[in-house]
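A.B. asks: This is the content of start04.txt (compact mmCIF, C-alpha atoms and all ligand atoms):
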# COMPACT_ATOMS: atom_id res chain seq x y z
CA MET K 1 61.09 -26.12 112.76
CA SER K 2 61.99 -24.02 109.72
CA LYS K 3 62.93 -20.45 110.55
CA SER K 4 61.65 -18.92 107.35
CA LYS K 5 59.30 -15.93 107.46
CA PRO K 6 56.25 -16.64 109.67
CA LEU K 7 52.99 -17.21 107.83
CA ARG K 8 50.70 -14.22 108.33
CA LEU K 9 47.22 -15.36 109.37
CA ALA K 10 43.92 -13.54 109.58
CA ILE K 11 41.54 -15.81 111.51
CA LEU K 12 37.77 -15.42 111.26
CA ILE K 13 35.56 -16.78 114.04
CA SER K 14 32.01 -16.62 115.34
CA GLY K 15 32.03 -18.66 118.50
CA HIS K 16 33.97 -20.79 120.91
CA GLY K 17 37.30 -20.41 119.15
CA SER K 18 38.81 -23.74 120.12
CA ASN K 19 40.44 -24.00 116.69
CA LEU K 20 41.82 -20.49 117.12
CA GLN K 21 43.22 -21.65 120.46
CA ALA K 22 44.80 -24.74 118.89
CA ILE K 23 46.51 -22.52 116.33
CA MET K 24 47.67 -20.08 119.03
CA ASP K 25 49.02 -22.99 121.09
CA ALA K 26 50.87 -24.49 118.11
CA ILE K 27 52.55 -21.13 117.49
CA ALA K 28 53.45 -20.76 121.18
CA ASN K 29 54.85 -24.29 121.25
CA ASP K 30 56.96 -23.71 118.16
CA LYS K 31 55.01 -26.26 116.13
CA LEU K 32 53.74 -23.66 113.72
CA ASN K 33 55.78 -20.91 112.13
CA ALA K 34 53.05 -18.31 111.90
CA GLU K 35 51.77 -15.08 113.38
CA ILE K 36 48.14 -14.14 113.87
CA ILE K 37 47.88 -10.62 112.53
CA LEU K 38 44.13 -10.27 113.04
CA VAL K 39 41.16 -12.09 114.58
CA VAL K 40 37.77 -11.09 113.20
CA SER K 41 34.46 -12.03 114.78
CA ASN K 42 30.96 -11.32 113.53
CA ARG K 43 29.61 -11.88 117.06
CA GLU K 44 30.39 -9.72 120.06
CA ALA K 45 29.83 -12.59 122.48
CA ALA K 46 32.18 -15.02 120.72
CA PHE K 47 34.32 -16.66 123.40
CA GLY K 48 37.13 -16.78 120.86
CA LEU K 49 37.40 -12.98 121.22
CA GLN K 50 38.32 -13.44 124.87
CA ARG K 51 40.98 -15.94 123.87
CA ALA K 52 42.37 -13.40 121.38
CA GLN K 53 42.28 -10.63 123.96
CA LEU K 54 44.04 -12.78 126.58
CA ALA K 55 46.79 -13.50 124.10
CA GLY K 56 47.08 -9.84 123.15
CA LEU K 57 46.06 -10.44 119.52
CA PRO K 58 44.56 -7.66 117.43
CA ALA K 59 40.82 -8.30 117.15
CA LEU K 60 38.02 -6.75 115.18
CA ILE K 61 34.27 -7.15 115.61
CA LEU K 62 32.18 -6.64 112.49
CA LEU K 63 28.45 -6.94 113.07
CA ALA K 64 26.07 -7.61 110.19
CA LYS K 65 23.53 -5.16 111.64
CA ASP K 66 25.94 -2.28 110.98
CA TYR K 67 25.92 -2.88 107.22
CA PRO K 68 23.07 -2.58 104.71
CA ASN K 69 23.84 -5.88 102.97
CA LYS K 70 26.35 -8.72 102.59
CA THR K 71 28.29 -6.93 99.86
CA ALA K 72 28.85 -3.88 102.05
CA TYR K 73 29.93 -6.08 104.95
CA ASP K 74 32.33 -8.11 102.86
CA THR K 75 33.77 -5.01 101.20
CA VAL K 76 34.79 -3.62 104.59
CA LEU K 77 35.99 -7.04 105.75
CA ALA K 78 38.14 -7.34 102.61
CA GLN K 79 39.60 -3.85 103.10
CA LYS K 80 40.49 -4.45 106.74
CA ILE K 81 42.11 -7.77 105.95
CA ALA K 82 43.90 -6.73 102.74
CA ALA K 83 45.49 -3.76 104.52
CA LEU K 84 47.41 -6.23 106.70
CA LYS K 85 48.62 -8.34 103.79
CA PRO K 86 47.95 -11.79 105.22
CA ASP K 87 49.27 -14.93 103.55
CA LEU K 88 46.13 -16.84 104.49
CA ILE K 89 42.61 -16.14 105.69
CA VAL K 90 41.66 -18.94 108.06
CA LEU K 91 37.98 -19.62 108.69
CA ALA K 92 37.64 -21.23 112.11
CA GLY K 93 33.94 -21.55 112.85
CA PHE K 94 33.02 -18.35 110.97
CA MET K 95 29.26 -18.66 110.56
CA ARG K 96 28.80 -16.40 107.54
CA ILE K 97 28.86 -17.30 103.89
CA LEU K 98 31.35 -15.04 102.13
CA THR K 99 30.32 -13.30 98.92
CA ALA K 100 31.79 -14.48 95.61
CA GLU K 101 33.51 -11.06 95.31
CA PHE K 102 35.32 -11.59 98.61
CA VAL K 103 36.32 -15.13 97.69
CA HIS K 104 37.63 -14.05 94.27
CA HIS K 105 39.54 -11.17 95.83
CA PHE K 106 41.51 -13.64 97.95
CA ALA K 107 41.48 -16.59 95.55
CA GLY K 108 43.63 -19.46 96.82
CA GLN K 109 44.21 -17.66 100.12
CA ILE K 110 41.10 -18.64 102.10
CA ILE K 111 40.80 -21.98 103.87
CA ASN K 112 38.04 -23.44 106.02
CA ILE K 113 37.66 -26.31 108.46
CA HIS K 114 34.44 -28.30 108.29
CA PRO K 115 33.17 -30.97 110.68
CA SER K 116 32.54 -33.78 108.19
CA LEU K 117 34.31 -35.88 105.64
CA LEU K 118 33.48 -33.72 102.66
CA PRO K 119 31.91 -34.05 100.15
CA LYS K 120 29.56 -35.66 102.68
CA TYR K 121 27.42 -33.26 104.67
CA ARG K 122 28.08 -29.74 103.52
CA GLY K 123 26.44 -27.09 105.68
CA LEU K 124 25.18 -27.49 109.23
CA HIS K 125 24.27 -30.38 111.57
CA THR K 126 26.88 -32.76 110.27
CA HIS K 127 27.15 -34.85 113.45
CA GLU K 128 23.40 -35.42 113.59
CA GLN K 129 23.42 -36.67 110.00
CA VAL K 130 26.31 -39.05 110.66
CA LEU K 131 24.34 -40.63 113.52
CA ALA K 132 21.03 -40.69 111.66
CA ASN K 133 22.66 -42.42 108.69
CA HIS K 134 24.59 -44.90 110.86
CA ASP K 135 27.84 -43.95 109.18
CA THR K 136 30.87 -46.01 110.11
CA HIS K 137 33.30 -43.09 109.78
CA HIS K 138 33.31 -39.42 110.61
CA GLY K 139 35.90 -36.67 110.78
CA CYS K 140 36.84 -33.23 109.55
CA SER K 141 38.06 -31.60 106.37
CA ILE K 142 40.12 -28.55 105.49
CA HIS K 143 39.52 -27.07 102.08
CA PHE K 144 40.17 -24.02 99.97
CA VAL K 145 37.17 -21.74 99.98
CA THR K 146 35.33 -21.19 96.72
CA PRO K 147 32.01 -19.38 96.27
CA GLU K 148 30.03 -22.62 96.65
CA LEU K 149 29.55 -23.50 100.34
CA ASP K 150 31.91 -26.22 101.64
CA ALA K 151 32.67 -27.33 98.09
CA GLY K 152 36.22 -26.06 97.47
CA PRO K 153 39.20 -28.33 96.73
CA LEU K 154 40.14 -30.49 99.70
CA ILE K 155 43.50 -29.99 101.38
CA ALA K 156 43.31 -32.55 104.19
CA GLN K 157 41.01 -34.82 106.14
CA ALA K 158 41.22 -36.67 109.44
CA LYS K 159 38.81 -39.43 110.34
CA PHE K 160 37.85 -41.94 113.00
CA THR K 161 35.69 -45.06 113.17
CA LEU K 162 32.47 -44.74 115.12
CA THR K 163 31.76 -47.19 117.94
CA GLN K 164 28.44 -48.56 119.27
CA ASP K 165 28.71 -46.23 122.25
CA ASP K 166 29.16 -43.03 120.30
CA THR K 167 26.69 -40.23 120.91
CA LEU K 168 26.31 -36.71 119.62
CA ALA K 169 28.53 -35.51 122.48
CA THR K 170 31.30 -38.05 121.92
CA ILE K 171 31.53 -37.61 118.16
CA THR K 172 31.45 -33.82 118.51
CA ALA K 173 34.40 -34.06 120.92
CA LYS K 174 36.26 -36.50 118.68
CA VAL K 175 35.89 -34.25 115.65
CA HIS K 176 37.11 -31.25 117.62
CA GLN K 177 40.14 -33.18 118.82
CA LEU K 178 41.02 -34.08 115.23
CA GLU K 179 40.45 -30.50 114.09
CA HIS K 180 42.86 -29.20 116.71
CA ALA K 181 45.61 -31.41 115.31
CA LEU K 182 44.75 -31.01 111.65
CA TYR K 183 44.56 -27.21 111.39
CA PRO K 184 48.04 -26.52 112.86
CA PHE K 185 49.52 -29.31 110.73
CA VAL K 186 48.01 -27.95 107.52
CA LEU K 187 49.01 -24.39 108.37
CA GLN K 188 52.59 -25.51 108.94
CA GLN K 189 52.56 -27.08 105.47
CA PHE K 190 51.58 -23.66 104.13
CA ALA K 191 54.32 -22.04 106.23
CA GLU K 192 56.83 -24.36 104.59
CA GLN K 193 55.34 -23.44 101.20
CA HIS K 194 54.36 -27.02 100.47
CA LEU K 195 50.72 -26.26 99.64
CA SER K 196 49.07 -24.18 96.95
CA LEU K 197 45.95 -24.07 94.82
CA THR K 198 46.41 -24.34 91.06
CA ALA K 199 43.97 -24.61 88.16
CA GLU K 200 44.61 -28.37 88.17
CA GLY K 201 43.93 -28.84 91.88
CA VAL K 202 45.79 -28.73 95.20
CA LEU K 203 49.57 -29.04 94.95
CA TYR K 204 51.49 -30.55 97.86
CA LYS K 205 55.26 -30.79 97.61
CA GLN K 206 55.02 -30.30 93.82
CA GLN K 207 52.46 -33.10 93.38
CA LEU K 208 48.73 -32.92 92.78
CA LEU K 209 46.79 -34.28 95.76
CA PRO K 210 43.98 -36.80 95.34
CA SER K 211 40.51 -35.26 95.62
CA SER K 212 40.30 -36.18 99.33
CA GLY K 213 43.52 -34.26 100.09
CA LEU K 214 46.10 -35.26 102.70
CA SER K 215 45.05 -37.47 105.57
CA LEU K 216 46.07 -37.86 109.21
CA PRO K 217 48.12 -39.29 110.94
CA CYS K 218 50.15 -36.17 110.36
CA SER K 219 51.97 -35.49 113.59
CA SER K 220 55.46 -35.77 112.08
C1 LIG D 1 34.35 -26.47 114.19
O1 LIG D 1 33.76 -27.71 114.45
C2 LIG D 1 34.52 -26.26 112.71
O2 LIG D 1 34.65 -27.46 112.00
C3 LIG D 1 33.24 -25.59 112.31
O3 LIG D 1 32.91 -24.77 113.39
C4 LIG D 1 33.44 -25.31 114.57
C5 LIG D 1 34.18 -24.21 115.25
O4 LIG D 1 34.59 -24.57 116.55
N1 LIG D 1 33.42 -24.88 111.06
P1 LIG D 1 35.49 -23.58 117.40
O5 LIG D 1 34.77 -22.23 117.43
O6 LIG D 1 36.82 -23.48 116.75
O7 LIG D 1 35.55 -24.19 118.77
Would you put the structure from the file into structure tokens?
C.D. replies:
Amino acid sequence: MSKSKPLRLAILISGHGSNLQAIMDAIANDKLNAEIILVVSNREAAFGLQRAQLAGLPALILLAKDYPNKTAYDTVLAQKIAALKPDLIVLAGFMRILTAEFVHHFAGQIINIHPSLLPKYRGLHTHEQVLANHDTHHGCSIHFVTPELDAGPLIAQAKFTLTQDDTLATITAKVHQLEHALYPFVLQQFAEQHLSLTAEGVLYKQQLLPSSGLSLPCSS
């Protein structure tokens, strides 16, 4: 792995934190040249906070009830994060919609993972919609965050073919498994300075990506 400067990550969570764990594991296993400089949760009970604590990572809890409105919350969030000068803000199951001001402040520096093959199924309950619509494929997407929910330029996707036996539980597990491979891979591409957002779209190794972004298999 390249020994250039580690990518500085601020990771925002709300819940289980399995993607956070996958990123922590990739760093520990020398698959990802990064350091997690801050974990932020908007929920006290987020299990991901325990993962951060166990690993000795700096963590911050910001509760919506302590702020008069979204702008006030995001202003403090932006200050706390900016003070640490991250390279990337990584949304990993962060269940809040960021204000346009926040997104513009960190333009091209915020990425999100979403459990569907965007542009299909923005928002919640993606797995249920895949089953209800009898889709043949499902997967996950990583994209740059723009003010419009789950609509920013795609960086990468990973997908699988559904089988007759698939249920809500099996496809949820399959998507998670793909997410845990895709996020570390994409972050390593950032660490190697292969990825950036330009006015024309997402650049990867000096070339504009197609609108669906990179796709797995990506274990190399
Ligand atoms: C993931 O499925 C991600 O796609 C979505 O929220 C979930 C977070 O899972 N945005 P975890 O908290 O990382 O386990």
A.B. asks: If we count only C-alpha atoms, what is near Asn42 of chain K at a cut-off of 9 Å, once residues fewer than 3 positions away on the same chain are taken out, given as a PyMOL selection string?
C.D. replies: chain K and resi 12-15+46+60-64+94-96
A.B. asks: Residues near Ala107 of chain K, anyone? I mean within 9 Å using only C-alpha atoms, not counting same-chain ones fewer than 3 positions away, as a PyMOL selection string.
C.D. replies: chain K and resi 102-104+110+144-146+197
A.B. asks: One number please: atom CA of Gly93 of chain K to atom CA of Ser18 of chain K, in Å, one decimal.
C.D. replies: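 Result for atom CA of Gly93 of chain K versus atom CA of Ser18 of chain K: 9.0 Å, one decimal.
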A.B. asks: Measuring atom to atom with all atoms listed in the file, identify which of K:Glu148, K:Asp74, K:Asp135, K:Glu200 is nearest to Leu162 of chain K.
C.D. replies: K:Asp135
A.B. asks: Between K:Leu203, K:Ala45, K:Val39, K:Ala92, which one has atoms that come closest to Ala22 of chain K, using only C-alpha atoms?
C.D. replies: K:Ala92
A.B. asks: Between chain K and ligand LIG 1 (chain D), at 10 Å or less, what are the per-residue closest atom pairs and their distances in Å? Count all atoms listed in the file, order by chain and rising residue number, and return it as CSV.
C.D. replies:
residue,atom,partner,partner_atom,distance
K:Leu12,CA,D:LIG1,O5,9.7
K:Ile13,CA,D:LIG1,O5,6.5
K:Ser14,CA,D:LIG1,O5,6.6
K:Gly15,CA,D:LIG1,O5,4.6
K:His16,CA,D:LIG1,O5,3.9
K:Gly17,CA,D:LIG1,O5,3.6
K:Ser18,CA,D:LIG1,O7,3.6
K:Asn19,CA,D:LIG1,O6,3.7
K:Leu20,CA,D:LIG1,O6,5.8
K:Gln21,CA,D:LIG1,O6,7.6
K:Ala22,CA,D:LIG1,O6,8.4
K:Ile23,CA,D:LIG1,O6,9.7
K:Ala46,CA,D:LIG1,O5,8.3
K:Phe47,CA,D:LIG1,O5,8.2
K:Gly48,CA,D:LIG1,O5,6.9
K:Leu91,CA,D:LIG1,N1,7.4
K:Ala92,CA,D:LIG1,O6,5.2
K:Gly93,CA,D:LIG1,O3,3.4
K:Phe94,CA,D:LIG1,N1,6.5
K:Met95,CA,D:LIG1,N1,7.5
K:Asn112,CA,D:LIG1,N1,7.0
K:Ile113,CA,D:LIG1,O2,4.8
K:His114,CA,D:LIG1,O2,3.8
K:Pro115,CA,D:LIG1,O2,4.0
K:Ser116,CA,D:LIG1,O2,7.7
K:Gly123,CA,D:LIG1,N1,9.1
K:Leu124,CA,D:LIG1,N1,8.8
K:Thr126,CA,D:LIG1,O1,9.5
K:His127,CA,D:LIG1,O1,9.8
K:Gly139,CA,D:LIG1,O2,9.4
K:Cys140,CA,D:LIG1,O2,6.6
K:Ser141,CA,D:LIG1,O2,7.8
K:Ile142,CA,D:LIG1,O2,8.6
K:Asp150,CA,D:LIG1,N1,9.6
K:Thr172,CA,D:LIG1,O1,7.7
K:Ala173,CA,D:LIG1,O1,9.1
K:Val175,CA,D:LIG1,O1,7.0
K:His176,CA,D:LIG1,O1,5.8
K:Gln177,CA,D:LIG1,O1,9.5
K:Leu178,CA,D:LIG1,O1,9.7
K:Glu179,CA,D:LIG1,O2,6.9
K:His180,CA,D:LIG1,O6,8.3
K:Tyr183,CA,D:LIG1,O2,9.9
A.B. asks: Please compute the atom CA of Gly213 of chain K-atom CA of Lys5 of chain K distance, one decimal, in Å.
C.D. replies: 25.3 Å
A.B. asks: Quick one: pull the distance between atom CA of Lys70 of chain K and atom CA of Ile97 of chain K, Å, one decimal.
C.D. replies: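 Computing the Euclidean distance for atom CA of Lys70 of chain K and atom CA of Ile97 of chain K yields 9.0 Å.
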A.B. asks: Identify which of the residues K:Thr170, K:Glu101, K:Leu187, K:Leu149 lies closest to Glu35 of chain K, counting only C-alpha atoms when measuring atom-to-atom distances.
C.D. replies: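 Going through K:Thr170, K:Glu101, K:Leu187, K:Leu149 one by one, the smallest distance to Glu35 of chain K is for K:Leu187.
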A.B. asks: For a quick check of understanding, using all atoms listed in the file, which of K:Leu117, K:Leu216, K:Ala10, K:Val130 has the smallest distance to Ile89 of chain K?
C.D. replies: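 Ranked by minimum distance to Ile89 of chain K, first place goes to K:Ala10.
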A.B. asks: Of the candidates K:Ala55, K:Leu214, K:Ala82, K:Val186, which shows the shortest atom-to-atom distance to Asn33 of chain K, using only C-alpha atoms?
C.D. replies: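 The shortest atom-to-atom distance to Asn33 of chain K comes from K:Val186.
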A.B. asks: Taking into account all atoms listed in the file, which residue in the set K:Ile37, K:Arg51, K:Phe190, K:Ser215 is nearest to Lys80 of chain K?
C.D. replies: K:Ile37
A.B. asks: Would you list the contacts of His143 of chain K as a PDB file with C-alpha atoms, in the frame of the given file, taking every protein, DNA or RNA residue within 8 Å and counting all atoms listed in the file, but skipping same-chain residues closer than 6 positions in sequence?
C.D. replies:
ATOM      1  CA  ILE K 111      40.800 -21.980 103.870  1.00  0.00           C
ATOM      2  CA  ASN K 112      38.040 -23.440 106.020  1.00  0.00           C
ATOM      3  CA  ILE K 113      37.660 -26.310 108.460  1.00  0.00           C
ATOM      4  CA  ASP K 150      31.910 -26.220 101.640  1.00  0.00           C
ATOM      5  CA  ALA K 151      32.670 -27.330  98.090  1.00  0.00           C
ATOM      6  CA  GLY K 152      36.220 -26.060  97.470  1.00  0.00           C
ATOM      7  CA  PRO K 153      39.200 -28.330  96.730  1.00  0.00           C
ATOM      8  CA  LEU K 154      40.140 -30.490  99.700  1.00  0.00           C
ATOM      9  CA  ILE K 155      43.500 -29.990 101.380  1.00  0.00           C
ATOM     10  CA  ALA K 156      43.310 -32.550 104.190  1.00  0.00           C
TER      11      ALA K 156
END
A.B. asks: Could you write segment 42-54 of chain K of the block just shown to a file containing all heavy atoms, as a PDB file, in the first residue's frame?
C.D. replies:
ATOM      1  N   ASN K  42     -25.488  11.455  15.936  1.00  0.00           N
ATOM      2  CA  ASN K  42     -26.620  12.281  16.378  1.00  0.00           C
ATOM      3  C   ASN K  42     -27.529  11.481  17.309  1.00  0.00           C
ATOM      4  O   ASN K  42     -28.607  11.938  17.659  1.00  0.00           O
ATOM      5  CB  ASN K  42     -27.422  12.801  15.177  1.00  0.00           C
ATOM      6  CG  ASN K  42     -28.111  11.697  14.419  1.00  0.00           C
ATOM      7  OD1 ASN K  42     -27.581  10.581  14.331  1.00  0.00           O
ATOM      8  ND2 ASN K  42     -29.277  11.967  13.878  1.00  0.00           N
ATOM      9  N   ARG K  43     -27.087  10.255  17.662  1.00  0.00           N
ATOM     10  CA  ARG K  43     -27.868   9.441  18.617  1.00  0.00           C
ATOM     11  C   ARG K  43     -26.941   8.894  19.687  1.00  0.00           C
ATOM     12  O   ARG K  43     -25.928   8.260  19.365  1.00  0.00           O
ATOM     13  CB  ARG K  43     -28.545   8.277  17.893  1.00  0.00           C
ATOM     14  CG  ARG K  43     -29.643   8.738  16.973  1.00  0.00           C
ATOM     15  CD  ARG K  43     -30.497   7.590  16.502  1.00  0.00           C
ATOM     16  NE  ARG K  43     -31.472   8.075  15.529  1.00  0.00           N
ATOM     17  CZ  ARG K  43     -31.855   7.404  14.449  1.00  0.00           C
ATOM     18  NH1 ARG K  43     -31.359   6.209  14.202  1.00  0.00           N
ATOM     19  NH2 ARG K  43     -32.743   7.918  13.626  1.00  0.00           N
ATOM     20  N   GLU K  44     -27.356   9.103  20.927  1.00  0.00           N
ATOM     21  CA  GLU K  44     -26.538   8.630  22.058  1.00  0.00           C
ATOM     22  C   GLU K  44     -26.402   7.114  22.063  1.00  0.00           C
ATOM     23  O   GLU K  44     -25.376   6.570  22.451  1.00  0.00           O
ATOM     24  CB  GLU K  44     -27.193   9.059  23.375  1.00  0.00           C
ATOM     25  CG  GLU K  44     -26.593  10.321  23.934  1.00  0.00           C
ATOM     26  CD  GLU K  44     -27.442  10.871  25.074  1.00  0.00           C
ATOM     27  OE1 GLU K  44     -28.686  10.847  24.972  1.00  0.00           O
ATOM     28  OE2 GLU K  44     -26.842  11.330  26.052  1.00  0.00           O
ATOM     29  N   ALA K  45     -27.482   6.435  21.643  1.00  0.00           N
ATOM     30  CA  ALA K  45     -27.515   4.972  21.756  1.00  0.00           C
ATOM     31  C   ALA K  45     -26.886   4.264  20.555  1.00  0.00           C
ATOM     32  O   ALA K  45     -26.916   3.039  20.482  1.00  0.00           O
ATOM     33  CB  ALA K  45     -28.955   4.512  21.921  1.00  0.00           C
ATOM     34  N   ALA K  46     -26.338   5.024  19.624  1.00  0.00           N
ATOM     35  CA  ALA K  46     -25.770   4.398  18.412  1.00  0.00           C
ATOM     36  C   ALA K  46     -24.685   3.389  18.801  1.00  0.00           C
ATOM     37  O   ALA K  46     -23.718   3.740  19.485  1.00  0.00           O
ATOM     38  CB  ALA K  46     -25.194   5.476  17.505  1.00  0.00           C
ATOM     39  N   PHE K  47     -24.848   2.155  18.344  1.00  0.00           N
ATOM     40  CA  PHE K  47     -23.859   1.133  18.684  1.00  0.00           C
ATOM     41  C   PHE K  47     -22.491   1.496  18.102  1.00  0.00           C
ATOM     42  O   PHE K  47     -21.450   1.149  18.667  1.00  0.00           O
ATOM     43  CB  PHE K  47     -24.324  -0.241  18.182  1.00  0.00           C
ATOM     44  CG  PHE K  47     -23.385  -1.351  18.549  1.00  0.00           C
ATOM     45  CD1 PHE K  47     -23.173  -1.687  19.880  1.00  0.00           C
ATOM     46  CD2 PHE K  47     -22.688  -2.047  17.568  1.00  0.00           C
ATOM     47  CE1 PHE K  47     -22.281  -2.700  20.231  1.00  0.00           C
ATOM     48  CE2 PHE K  47     -21.797  -3.062  17.903  1.00  0.00           C
ATOM     49  CZ  PHE K  47     -21.591  -3.390  19.237  1.00  0.00           C
ATOM     50  N   GLY K  48     -22.508   2.209  16.998  1.00  0.00           N
ATOM     51  CA  GLY K  48     -21.255   2.641  16.385  1.00  0.00           C
ATOM     52  C   GLY K  48     -20.383   3.454  17.341  1.00  0.00           C
ATOM     53  O   GLY K  48     -19.152   3.450  17.232  1.00  0.00           O
ATOM     54  N   LEU K  49     -21.016   4.143  18.301  1.00  0.00           N
ATOM     55  CA  LEU K  49     -20.243   4.911  19.282  1.00  0.00           C
ATOM     56  C   LEU K  49     -19.412   3.982  20.160  1.00  0.00           C
ATOM     57  O   LEU K  49     -18.283   4.301  20.533  1.00  0.00           O
ATOM     58  CB  LEU K  49     -21.175   5.738  20.165  1.00  0.00           C
ATOM     59  CG  LEU K  49     -21.667   7.055  19.582  1.00  0.00           C
ATOM     60  CD1 LEU K  49     -22.722   7.665  20.496  1.00  0.00           C
ATOM     61  CD2 LEU K  49     -20.510   8.027  19.365  1.00  0.00           C
ATOM     62  N   GLN K  50     -20.004   2.827  20.476  1.00  0.00           N
ATOM     63  CA  GLN K  50     -19.237   1.843  21.269  1.00  0.00           C
ATOM     64  C   GLN K  50     -18.060   1.310  20.477  1.00  0.00           C
ATOM     65  O   GLN K  50     -16.980   1.081  21.013  1.00  0.00           O
ATOM     66  CB  GLN K  50     -20.146   0.687  21.684  1.00  0.00           C
ATOM     67  CG  GLN K  50     -21.208   1.100  22.676  1.00  0.00           C
ATOM     68  CD  GLN K  50     -21.994  -0.106  23.170  1.00  0.00           C
ATOM     69  OE1 GLN K  50     -21.463  -1.176  23.387  1.00  0.00           O
ATOM     70  NE2 GLN K  50     -23.295   0.085  23.334  1.00  0.00           N
ATOM     71  N   ARG K  51     -18.275   1.104  19.194  1.00  0.00           N
ATOM     72  CA  ARG K  51     -17.171   0.639  18.343  1.00  0.00           C
ATOM     73  C   ARG K  51     -16.042   1.685  18.356  1.00  0.00           C
ATOM     74  O   ARG K  51     -14.863   1.337  18.467  1.00  0.00           O
ATOM     75  CB  ARG K  51     -17.646   0.464  16.902  1.00  0.00           C
ATOM     76  CG  ARG K  51     -18.751  -0.554  16.698  1.00  0.00           C
ATOM     77  CD  ARG K  51     -19.102  -0.564  15.210  1.00  0.00           C
ATOM     78  NE  ARG K  51     -20.304  -1.292  14.878  1.00  0.00           N
ATOM     79  CZ  ARG K  51     -20.347  -2.594  14.573  1.00  0.00           C
ATOM     80  NH1 ARG K  51     -19.244  -3.301  14.567  1.00  0.00           N
ATOM     81  NH2 ARG K  51     -21.486  -3.173  14.252  1.00  0.00           N
ATOM     82  N   ALA K  52     -16.430   2.966  18.232  1.00  0.00           N
ATOM     83  CA  ALA K  52     -15.439   4.036  18.217  1.00  0.00           C
ATOM     84  C   ALA K  52     -14.684   4.080  19.548  1.00  0.00           C
ATOM     85  O   ALA K  52     -13.453   4.201  19.579  1.00  0.00           O
ATOM     86  CB  ALA K  52     -16.122   5.379  17.944  1.00  0.00           C
ATOM     87  N   GLN K  53     -15.444   3.973  20.619  1.00  0.00           N
ATOM     88  CA  GLN K  53     -14.865   4.025  21.963  1.00  0.00           C
ATOM     89  C   GLN K  53     -13.871   2.882  22.169  1.00  0.00           C
ATOM     90  O   GLN K  53     -12.758   3.091  22.655  1.00  0.00           O
ATOM     91  CB  GLN K  53     -15.993   3.923  22.969  1.00  0.00           C
ATOM     92  CG  GLN K  53     -15.633   4.391  24.356  1.00  0.00           C
ATOM     93  CD  GLN K  53     -16.845   4.296  25.284  1.00  0.00           C
ATOM     94  OE1 GLN K  53     -17.833   3.613  24.977  1.00  0.00           O
ATOM     95  NE2 GLN K  53     -16.760   4.966  26.407  1.00  0.00           N
ATOM     96  N   LEU K  54     -14.289   1.678  21.772  1.00  0.00           N
ATOM     97  CA  LEU K  54     -13.420   0.495  21.901  1.00  0.00           C
ATOM     98  C   LEU K  54     -12.109   0.687  21.165  1.00  0.00           C
ATOM     99  O   LEU K  54     -11.049   0.231  21.606  1.00  0.00           O
ATOM    100  CB  LEU K  54     -14.123  -0.726  21.309  1.00  0.00           C
ATOM    101  CG  LEU K  54     -14.789  -1.685  22.267  1.00  0.00           C
ATOM    102  CD1 LEU K  54     -15.446  -2.817  21.488  1.00  0.00           C
ATOM    103  CD2 LEU K  54     -13.754  -2.246  23.250  1.00  0.00           C
TER     104      LEU K  54
END
